Amino acid sequence: MKALILVGGFGTRLRPLTLSKPKPLVEFGNKVALLYQIEALVEFGVTEIVLAIAYPPNVMEDFILDVQKKHNIKIVCSQESEPLGTAGPIVYAKDVLRTNDPFFVINSDISSTFPLKELMAFHKQHKREASLVVTKVEEPSKYGVVVFEPDGKVVRFINKPKQYAGNYINAGIYILEPSVVERIPAGPSSMEKEIFPVMAQEGQLYCMPHAGYWLDIRTPKNHLLGMGKYVKHLRETNPAALSTHPAVVGDVIMDSSATIGKECVIGPDVVIGPDCVIEDGVHLERATLMQGCVIRKHSFVSDSIIGWRSTVGQWVRVENVTVLGEDVKLVDEIYVNGGLVLPHKVITSSVSEPKIIM
């Protein structure tokens, strides 16, 4: 079986992190984000994966070669010459997919438990052209809302409704029959706006509610919220993956190479990457530290992402979805409130209001 992962473009909403790495290669929970989708597909039994990307594939070459060798799977890239939306990449990759069987399509911007086996069983049961996973959210107006009957038959598919129409949304995980590809016009197009609504009218679209965790992680805020859900999921399913360091409070992922000083408080919902150094008296909560970060003595980091090889000075307070790009340095005794700091910057004064620092 084959699968298509919608990798997309340059990840502008996840900047400044994506100024240093392609969006799918930014780590989530100390693992390259794209690996979660790939490993779920491999576990199901998929043998070939197509990555629909909007930038030269050479930037992902080493990653692809490593994954192919490790998981014994074929990975090919379908490079778009222009942004093609959520449907265009599927027909654009038609010659690469070359399949007469149903195939998976997965959005790369999500964190989930990926119920692929359940979805395939559901798809075989109803025998229509497409099956999608739906999940319940608190703010459905930002997504494609799905209205469906008890058996899963989709009655309406409403993209970003202005009035409340339900709270089950498209989770970005599909199984499509090859006939769906023929429905998609060449060029930019949208599954949510153009393809799924028509299929729903024709009775060819079914959905399966997903009870497991799910979150869109394409922004720093959602990246952090998704991490909270992910570590909770690990607590329930694989607690051995969480740190048992004496400084830890709550659920924390910590690489074994990280060093922690005295009298620190780490957690809840914290990720500490490889080779990080946390000095004495540091307090971290709801934060992600990428590889090689240094947090100096008595600093506080909350609801923020610290990019690769960045340094937070002593007695610094960082909060409110601050994101430090790669190799950023914060001097001692400053406050950063919601700053988005581009790579290789030295911040010498406080940032009292959220802003982009170029």
# chains A, B, ... in the order shown; residues from 1 in each chain; ligands from 1

call {"tool": "residues_around", "arguments": {"residues": "Thr322 in chain A", "least_positions_apart": "6", "cutoff": "7 Å", "atoms": "only C-alpha atoms", "output": "PyMOL selection string"}}
result
chain A and resi 304-305+337-340

call {"tool": "closest_atom_pairs", "arguments": {"of": "range 277-352 of chain A", "to": "range 263-267 of chain A", "cutoff": "6 Å", "atoms": "only C-alpha atoms", "output": "Markdown table"}}
result
| residue | atom | partner | partner_atom | distance |
| --- | --- | --- | --- | --- |
| A:Asp280 | CA | A:Glu263 | CA | 6.0 |
| A:Gly281 | CA | A:Cys264 | CA | 4.6 |
| A:Val282 | CA | A:Cys264 | CA | 4.8 |
| A:His283 | CA | A:Val265 | CA | 4.7 |
| A:Leu284 | CA | A:Ile266 | CA | 4.9 |
| A:Glu285 | CA | A:Gly267 | CA | 4.5 |

call {"tool": "closest_atom_pairs", "arguments": {"of": "range 105-146 of chain A", "to": "range 16-40 of chain A", "cutoff": "8 Å", "atoms": "only C-alpha atoms", "output": "CSV"}}
result
residue,atom,partner,partner_atom,distance
A:Ile106,CA,A:Gln37,CA,7.5
A:Ser108,CA,A:Leu34,CA,6.3
A:Asp109,CA,A:Pro24,CA,7.9
A:Ser111,CA,A:Tyr36,CA,7.8
A:Phe114,CA,A:Ala40,CA,6.6
A:Leu116,CA,A:Ala40,CA,7.7

call {"tool": "write_last_selection", "arguments": {"atoms": "N, CA and C atoms", "output": "short mmCIF file (atom, residue, chain, number, x, y, z; two decimals), in the first residue's frame"}}
result
data_model
loop_
_atom_site.label_atom_id
_atom_site.label_comp_id
_atom_site.auth_asym_id
_atom_site.auth_seq_id
_atom_site.Cartn_x
_atom_site.Cartn_y
_atom_site.Cartn_z
N ILE A 106 -2.08 12.03 4.52
CA ILE A 106 -1.95 12.56 5.88
C ILE A 106 -1.32 13.95 5.83
N SER A 108 1.00 16.75 7.35
CA SER A 108 2.21 16.67 8.18
C SER A 108 2.17 17.61 9.37
N ASP A 109 1.17 18.48 9.45
CA ASP A 109 1.14 19.50 10.51
C ASP A 109 0.35 19.08 11.73
N SER A 111 -0.31 16.39 15.20
CA SER A 111 0.15 15.40 16.17
C SER A 111 -1.05 14.58 16.58
N PHE A 114 -2.95 8.59 15.19
CA PHE A 114 -3.05 8.02 13.85
C PHE A 114 -3.73 6.64 13.83
N LEU A 116 -4.83 4.31 11.94
CA LEU A 116 -4.85 3.88 10.55
C LEU A 116 -5.53 2.52 10.36
#

call {"tool": "select_by_dssp", "arguments": {"residues": "range 31-121 of chain A", "states": "alpha helix (DSSP H)", "output": "PDB file with N, CA, C and O atoms, in the first residue's frame"}}
result
ATOM      1  N   ALA A  33       9.398  15.860  13.457  1.00  0.00           N
ATOM      2  CA  ALA A  33       7.939  15.807  13.425  1.00  0.00           C
ATOM      3  C   ALA A  33       7.412  14.849  12.370  1.00  0.00           C
ATOM      4  O   ALA A  33       6.443  14.113  12.603  1.00  0.00           O
ATOM      5  N   LEU A  34       8.045  14.812  11.207  1.00  0.00           N
ATOM      6  CA  LEU A  34       7.571  13.973  10.115  1.00  0.00           C
ATOM      7  C   LEU A  34       7.691  12.482  10.423  1.00  0.00           C
ATOM      8  O   LEU A  34       6.986  11.651   9.836  1.00  0.00           O
ATOM      9  N   LEU A  35       8.566  12.143  11.365  1.00  0.00           N
ATOM     10  CA  LEU A  35       8.751  10.732  11.700  1.00  0.00           C
ATOM     11  C   LEU A  35       7.498  10.107  12.307  1.00  0.00           C
ATOM     12  O   LEU A  35       7.266   8.898  12.156  1.00  0.00           O
ATOM     13  N   TYR A  36       6.694  10.893  12.994  1.00  0.00           N
ATOM     14  CA  TYR A  36       5.491  10.330  13.607  1.00  0.00           C
ATOM     15  C   TYR A  36       4.556   9.773  12.535  1.00  0.00           C
ATOM     16  O   TYR A  36       4.008   8.672  12.678  1.00  0.00           O
ATOM     17  N   GLN A  37       4.359  10.529  11.453  1.00  0.00           N
ATOM     18  CA  GLN A  37       3.514  10.050  10.369  1.00  0.00           C
ATOM     19  C   GLN A  37       4.141   8.839   9.672  1.00  0.00           C
ATOM     20  O   GLN A  37       3.463   7.844   9.387  1.00  0.00           O
ATOM     21  N   ILE A  38       5.440   8.949   9.395  1.00  0.00           N
ATOM     22  CA  ILE A  38       6.120   7.861   8.684  1.00  0.00           C
ATOM     23  C   ILE A  38       6.077   6.570   9.496  1.00  0.00           C
ATOM     24  O   ILE A  38       5.762   5.491   8.967  1.00  0.00           O
ATOM     25  N   GLU A  39       6.367   6.655  10.778  1.00  0.00           N
ATOM     26  CA  GLU A  39       6.385   5.445  11.610  1.00  0.00           C
ATOM     27  C   GLU A  39       5.004   4.826  11.750  1.00  0.00           C
ATOM     28  O   GLU A  39       4.862   3.592  11.790  1.00  0.00           O
ATOM     29  N   ALA A  40       3.969   5.666  11.816  1.00  0.00           N
ATOM     30  CA  ALA A  40       2.602   5.130  11.867  1.00  0.00           C
ATOM     31  C   ALA A  40       2.255   4.395  10.580  1.00  0.00           C
ATOM     32  O   ALA A  40       1.628   3.322  10.606  1.00  0.00           O
ATOM     33  N   LEU A  41       2.674   4.952   9.452  1.00  0.00           N
ATOM     34  CA  LEU A  41       2.419   4.307   8.166  1.00  0.00           C
ATOM     35  C   LEU A  41       3.197   3.010   8.024  1.00  0.00           C
ATOM     36  O   LEU A  41       2.678   2.002   7.527  1.00  0.00           O
ATOM     37  N   VAL A  42       4.451   3.009   8.457  1.00  0.00           N
ATOM     38  CA  VAL A  42       5.265   1.793   8.404  1.00  0.00           C
ATOM     39  C   VAL A  42       4.647   0.703   9.284  1.00  0.00           C
ATOM     40  O   VAL A  42       4.568  -0.465   8.887  1.00  0.00           O
ATOM     41  N   GLU A  43       4.199   1.081  10.476  1.00  0.00           N
ATOM     42  CA  GLU A  43       3.578   0.114  11.376  1.00  0.00           C
ATOM     43  C   GLU A  43       2.333  -0.506  10.748  1.00  0.00           C
ATOM     44  O   GLU A  43       2.059  -1.701  10.925  1.00  0.00           O
ATOM     45  N   PHE A  44       1.587   0.284   9.991  1.00  0.00           N
ATOM     46  CA  PHE A  44       0.401  -0.242   9.316  1.00  0.00           C
ATOM     47  C   PHE A  44       0.775  -1.243   8.231  1.00  0.00           C
ATOM     48  O   PHE A  44       0.052  -2.200   7.981  1.00  0.00           O
ATOM     49  N   GLU A  61      17.348  15.324   1.908  1.00  0.00           N
ATOM     50  CA  GLU A  61      17.956  14.115   1.351  1.00  0.00           C
ATOM     51  C   GLU A  61      18.527  13.196   2.417  1.00  0.00           C
ATOM     52  O   GLU A  61      18.265  11.982   2.424  1.00  0.00           O
ATOM     53  N   ASP A  62      19.322  13.743   3.351  1.00  0.00           N
ATOM     54  CA  ASP A  62      19.940  12.909   4.383  1.00  0.00           C
ATOM     55  C   ASP A  62      18.880  12.248   5.256  1.00  0.00           C
ATOM     56  O   ASP A  62      18.999  11.064   5.609  1.00  0.00           O
ATOM     57  N   PHE A  63      17.852  13.019   5.614  1.00  0.00           N
ATOM     58  CA  PHE A  63      16.769  12.470   6.432  1.00  0.00           C
ATOM     59  C   PHE A  63      16.074  11.324   5.702  1.00  0.00           C
ATOM     60  O   PHE A  63      15.839  10.255   6.282  1.00  0.00           O
ATOM     61  N   ILE A  64      15.754  11.524   4.426  1.00  0.00           N
ATOM     62  CA  ILE A  64      15.041  10.498   3.654  1.00  0.00           C
ATOM     63  C   ILE A  64      15.881   9.233   3.530  1.00  0.00           C
ATOM     64  O   ILE A  64      15.379   8.110   3.726  1.00  0.00           O
ATOM     65  N   LEU A  65      17.155   9.381   3.218  1.00  0.00           N
ATOM     66  CA  LEU A  65      18.027   8.214   3.077  1.00  0.00           C
ATOM     67  C   LEU A  65      18.110   7.433   4.381  1.00  0.00           C
ATOM     68  O   LEU A  65      18.070   6.191   4.388  1.00  0.00           O
ATOM     69  N   ASP A  66      18.222   8.144   5.488  1.00  0.00           N
ATOM     70  CA  ASP A  66      18.320   7.490   6.787  1.00  0.00           C
ATOM     71  C   ASP A  66      17.035   6.732   7.123  1.00  0.00           C
ATOM     72  O   ASP A  66      17.075   5.588   7.596  1.00  0.00           O
ATOM     73  N   VAL A  67      15.889   7.356   6.872  1.00  0.00           N
ATOM     74  CA  VAL A  67      14.604   6.724   7.186  1.00  0.00           C
ATOM     75  C   VAL A  67      14.358   5.511   6.289  1.00  0.00           C
ATOM     76  O   VAL A  67      13.871   4.479   6.750  1.00  0.00           O
ATOM     77  N   GLN A  68      14.698   5.627   5.010  1.00  0.00           N
ATOM     78  CA  GLN A  68      14.520   4.493   4.100  1.00  0.00           C
ATOM     79  C   GLN A  68      15.322   3.283   4.573  1.00  0.00           C
ATOM     80  O   GLN A  68      14.831   2.147   4.550  1.00  0.00           O
ATOM     81  N   LYS A  69      16.550   3.537   5.003  1.00  0.00           N
ATOM     82  CA  LYS A  69      17.409   2.442   5.453  1.00  0.00           C
ATOM     83  C   LYS A  69      16.907   1.849   6.759  1.00  0.00           C
ATOM     84  O   LYS A  69      16.838   0.620   6.920  1.00  0.00           O
ATOM     85  N   LYS A  70      16.517   2.709   7.678  1.00  0.00           N
ATOM     86  CA  LYS A  70      16.103   2.246   9.012  1.00  0.00           C
ATOM     87  C   LYS A  70      14.791   1.474   8.964  1.00  0.00           C
ATOM     88  O   LYS A  70      14.621   0.462   9.651  1.00  0.00           O
ATOM     89  N   HIS A  71      13.837   1.948   8.149  1.00  0.00           N
ATOM     90  CA  HIS A  71      12.500   1.359   8.148  1.00  0.00           C
ATOM     91  C   HIS A  71      12.216   0.495   6.911  1.00  0.00           C
ATOM     92  O   HIS A  71      11.101  -0.010   6.766  1.00  0.00           O
ATOM     93  N   GLY A  88      -4.570  19.847  -4.783  1.00  0.00           N
ATOM     94  CA  GLY A  88      -3.670  19.890  -5.926  1.00  0.00           C
ATOM     95  C   GLY A  88      -2.485  18.945  -5.823  1.00  0.00           C
ATOM     96  O   GLY A  88      -2.128  18.286  -6.821  1.00  0.00           O
ATOM     97  N   PRO A  89      -1.837  18.836  -4.650  1.00  0.00           N
ATOM     98  CA  PRO A  89      -0.683  17.931  -4.558  1.00  0.00           C
ATOM     99  C   PRO A  89      -1.027  16.471  -4.832  1.00  0.00           C
ATOM    100  O   PRO A  89      -0.167  15.698  -5.267  1.00  0.00           O
ATOM    101  N   ILE A  90      -2.288  16.086  -4.582  1.00  0.00           N
ATOM    102  CA  ILE A  90      -2.677  14.686  -4.789  1.00  0.00           C
ATOM    103  C   ILE A  90      -2.684  14.349  -6.274  1.00  0.00           C
ATOM    104  O   ILE A  90      -2.123  13.333  -6.701  1.00  0.00           O
ATOM    105  N   VAL A  91      -3.319  15.208  -7.089  1.00  0.00           N
ATOM    106  CA  VAL A  91      -3.340  14.931  -8.532  1.00  0.00           C
ATOM    107  C   VAL A  91      -1.969  15.198  -9.155  1.00  0.00           C
ATOM    108  O   VAL A  91      -1.569  14.524 -10.112  1.00  0.00           O
ATOM    109  N   TYR A  92      -1.216  16.142  -8.595  1.00  0.00           N
ATOM    110  CA  TYR A  92       0.124  16.439  -9.105  1.00  0.00           C
ATOM    111  C   TYR A  92       1.050  15.232  -8.936  1.00  0.00           C
ATOM    112  O   TYR A  92       1.934  14.984  -9.766  1.00  0.00           O
ATOM    113  N   LYS A  94       0.118  12.152  -9.059  1.00  0.00           N
ATOM    114  CA  LYS A  94      -0.552  10.992  -9.647  1.00  0.00           C
ATOM    115  C   LYS A  94       0.432  10.022 -10.298  1.00  0.00           C
ATOM    116  O   LYS A  94       0.353   8.800 -10.099  1.00  0.00           O
ATOM    117  N   ASP A  95       1.378  10.547 -11.071  1.00  0.00           N
ATOM    118  CA  ASP A  95       2.323   9.679 -11.775  1.00  0.00           C
ATOM    119  C   ASP A  95       3.310   9.016 -10.826  1.00  0.00           C
ATOM    120  O   ASP A  95       3.857   7.946 -11.132  1.00  0.00           O
ATOM    121  N   VAL A  96       3.544   9.663  -9.680  1.00  0.00           N
ATOM    122  CA  VAL A  96       4.448   9.072  -8.695  1.00  0.00           C
ATOM    123  C   VAL A  96       3.721   8.012  -7.880  1.00  0.00           C
ATOM    124  O   VAL A  96       4.270   6.952  -7.563  1.00  0.00           O
ATOM    125  N   LEU A  97       2.459   8.278  -7.539  1.00  0.00           N
ATOM    126  CA  LEU A  97       1.677   7.305  -6.766  1.00  0.00           C
ATOM    127  C   LEU A  97       1.447   6.016  -7.565  1.00  0.00           C
ATOM    128  O   LEU A  97       1.640   4.917  -7.043  1.00  0.00           O
ATOM    129  N   LEU A 116      -4.833   4.313  11.938  1.00  0.00           N
ATOM    130  CA  LEU A 116      -4.852   3.880  10.546  1.00  0.00           C
ATOM    131  C   LEU A 116      -5.529   2.524  10.362  1.00  0.00           C
ATOM    132  O   LEU A 116      -6.268   2.315   9.394  1.00  0.00           O
ATOM    133  N   LYS A 117      -5.290   1.594  11.266  1.00  0.00           N
ATOM    134  CA  LYS A 117      -5.923   0.278  11.147  1.00  0.00           C
ATOM    135  C   LYS A 117      -7.434   0.395  11.283  1.00  0.00           C
ATOM    136  O   LYS A 117      -8.186  -0.234  10.527  1.00  0.00           O
ATOM    137  N   GLU A 118      -7.875   1.192  12.239  1.00  0.00           N
ATOM    138  CA  GLU A 118      -9.311   1.386  12.436  1.00  0.00           C
ATOM    139  C   GLU A 118      -9.941   2.069  11.220  1.00  0.00           C
ATOM    140  O   GLU A 118     -11.053   1.725  10.798  1.00  0.00           O
ATOM    141  N   LEU A 119      -9.221   3.031  10.646  1.00  0.00           N
ATOM    142  CA  LEU A 119      -9.741   3.748   9.485  1.00  0.00           C
ATOM    143  C   LEU A 119      -9.865   2.821   8.277  1.00  0.00           C
ATOM    144  O   LEU A 119     -10.856   2.881   7.532  1.00  0.00           O
ATOM    145  N   MET A 120      -8.883   1.951   8.083  1.00  0.00           N
ATOM    146  CA  MET A 120      -8.951   1.024   6.945  1.00  0.00           C
ATOM    147  C   MET A 120     -10.106   0.035   7.107  1.00  0.00           C
ATOM    148  O   MET A 120     -10.838  -0.250   6.135  1.00  0.00           O
ATOM    149  N   ALA A 121     -10.305  -0.465   8.313  1.00  0.00           N
ATOM    150  CA  ALA A 121     -11.430  -1.376   8.547  1.00  0.00           C
ATOM    151  C   ALA A 121     -12.751  -0.664   8.285  1.00  0.00           C
ATOM    152  O   ALA A 121     -13.677  -1.238   7.682  1.00  0.00           O
TER     153      ALA A 121
END

call {"tool": "residues_around", "arguments": {"residues": "Arg286 in chain A", "least_positions_apart": "6", "cutoff": "9 Å", "atoms": "only C-alpha atoms", "output": "MDAnalysis selection string"}}
result
chainID A and resid 224:225 227:228 267:271 301:304

call {"tool": "residues_around", "arguments": {"residues": "range 139-146 of chain A", "least_positions_apart": "2", "cutoff": "8 Å", "atoms": "only C-alpha atoms", "output": "JSON, numbers by chain"}}
result
{"A": [134, 137, 148, 154, 155, 156, 157, 158, 159, 160, 161, 162, 163, 164, 165, 166, 167, 168, 169, 170, 192]}

call {"tool": "select_by_dssp", "arguments": {"residues": "range 188-315 of chain A", "states": "strand (DSSP E or B)", "output": "PyMOL selection string"}}
result
chain A and resi 189+205-209+214-216+248+252-254+259-260+265-266+270-272+277-278+283-289+294-295+300-306+311-312

call {"tool": "residues_around", "arguments": {"residues": "Ser350 in chain A", "least_positions_apart": "5", "cutoff": "10 Å", "atoms": "only C-alpha atoms", "output": "PyMOL selection string"}}
result
chain A and resi 316-318+330-331+333-337+339

call {"tool": "write_last_selection", "arguments": {"atoms": "C-alpha atoms", "output": "PDB file, in the first residue's frame"}}
result
ATOM      1  CA  VAL A 316      16.159  35.896  32.826  1.00  0.00           C
ATOM      2  CA  ARG A 317      12.396  35.467  32.515  1.00  0.00           C
ATOM      3  CA  VAL A 318      11.035  34.124  29.199  1.00  0.00           C
ATOM      4  CA  LEU A 330      19.777  36.517  25.835  1.00  0.00           C
ATOM      5  CA  VAL A 331      22.017  38.482  28.187  1.00  0.00           C
ATOM      6  CA  GLU A 333      18.670  39.848  33.873  1.00  0.00           C
ATOM      7  CA  ILE A 334      16.226  40.653  31.078  1.00  0.00           C
ATOM      8  CA  TYR A 335      12.557  39.845  30.449  1.00  0.00           C
ATOM      9  CA  VAL A 336      11.212  38.508  27.134  1.00  0.00           C
ATOM     10  CA  ASN A 337       7.439  38.511  26.713  1.00  0.00           C
ATOM     11  CA  GLY A 339       9.247  37.709  21.430  1.00  0.00           C
TER      12      GLY A 339
END
